[in-house]
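Participant: Below are the structure tokens for one structure; questions will follow.
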Amino acid sequence: MPDVAASLSSALQRVGDRWTLLIVAALLERPLRFGEVQKAVPEIATNVLTSRLRDLAKEGLLVSLPY
């Protein structure tokens, strides 16, 4: 049986901050374009959104495709 605590710790390190969790929640139902994510998380600054999306892509948790 995998170590649940270690798995949760790893997941929290990847998506544990407020903005990242809100972005992931917005993307759970379907893929969204950048502007759609901004509308789904309206309080987030553009530079923070860009940074978090890049981080999620680097971690392999999302795929960014050109429109």
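Chains: A, B, ... in order of the structure tokens. Residues: from 1 per chain. Ligands: from 1, in order shown.
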Enumerate as an MDAnalysis selection string all residues of chain A assigned to alpha helix (DSSP H) by DSSP on the backbone, naming them with the chain letters and numbers the document uses.
Facilitator: chainID A and resid 4:15 18:27 34:40 46:58
Participant: Give me, as a Markdown table, each residue of range 29-67 of chain A that comes within 10 Å of range 5-15 of chain A, together with its shortest interatomic pair and the distance in Å at one decimal, counting only C-alpha atoms, with rows ordered by chain and rising residue number.
Facilitator:
| residue | atom | partner | partner_atom | distance |
| --- | --- | --- | --- | --- |
| A:Arg52 | CA | A:Val15 | CA | 9.2 |
| A:Asp55 | CA | A:Arg14 | CA | 8.5 |
| A:Leu56 | CA | A:Arg14 | CA | 7.7 |
| A:Glu59 | CA | A:Arg14 | CA | 7.5 |
| A:Leu61 | CA | A:Arg14 | CA | 8.9 |
Participant: What is the distance between CA of Ala57 in chain A and CA of Val4 in chain A, in Å to one decimal?
Facilitator: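 Here the two named atoms are 24.1 Å from each other.
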Participant: Would you pick out the contacts of range 24-41 of chain A at 10 Å or less, using only C-alpha atoms, so that residues sharing its chain but fewer than 3 positions from it are not included, and give the list as a ChimeraX atom specification?
Facilitator: /A:15,19-21,44-46,49-50,52-53,56,61-67
Participant: Produce a file of the selected residues containing C-alpha atoms, as a JSON list (two decimals), in the first residue's frame.
Facilitator:
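What landed in selection.json:
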[["chain", "number", "residue", "atom", "x", "y", "z"],
["A", 15, "VAL", "CA", -0.94, 22.54, -5.89],
["A", 19, "TRP", "CA", -4.29, 30.32, -6.54],
["A", 20, "THR", "CA", -3.16, 26.98, -7.90],
["A", 21, "LEU", "CA", -6.04, 25.16, -6.23],
["A", 44, "ILE", "CA", -5.98, 36.64, -9.64],
["A", 45, "ALA", "CA", -3.44, 38.99, -11.20],
["A", 46, "THR", "CA", -2.46, 38.19, -14.79],
["A", 49, "LEU", "CA", -2.04, 33.30, -13.34],
["A", 50, "THR", "CA", 0.65, 33.03, -16.02],
["A", 52, "ARG", "CA", 0.90, 29.26, -11.90],
["A", 53, "LEU", "CA", -0.14, 27.88, -15.30],
["A", 56, "LEU", "CA", 1.42, 23.36, -13.53],
["A", 61, "LEU", "CA", -0.42, 18.51, -14.37],
["A", 62, "LEU", "CA", -1.80, 20.34, -17.39],
["A", 63, "VAL", "CA", -0.99, 20.72, -21.05],
["A", 64, "SER", "CA", -0.82, 24.11, -22.72],
["A", 65, "LEU", "CA", -1.75, 24.11, -26.39],
["A", 66, "PRO", "CA", -1.71, 27.07, -28.79],
["A", 67, "TYR", "CA", -5.15, 28.10, -29.97]]
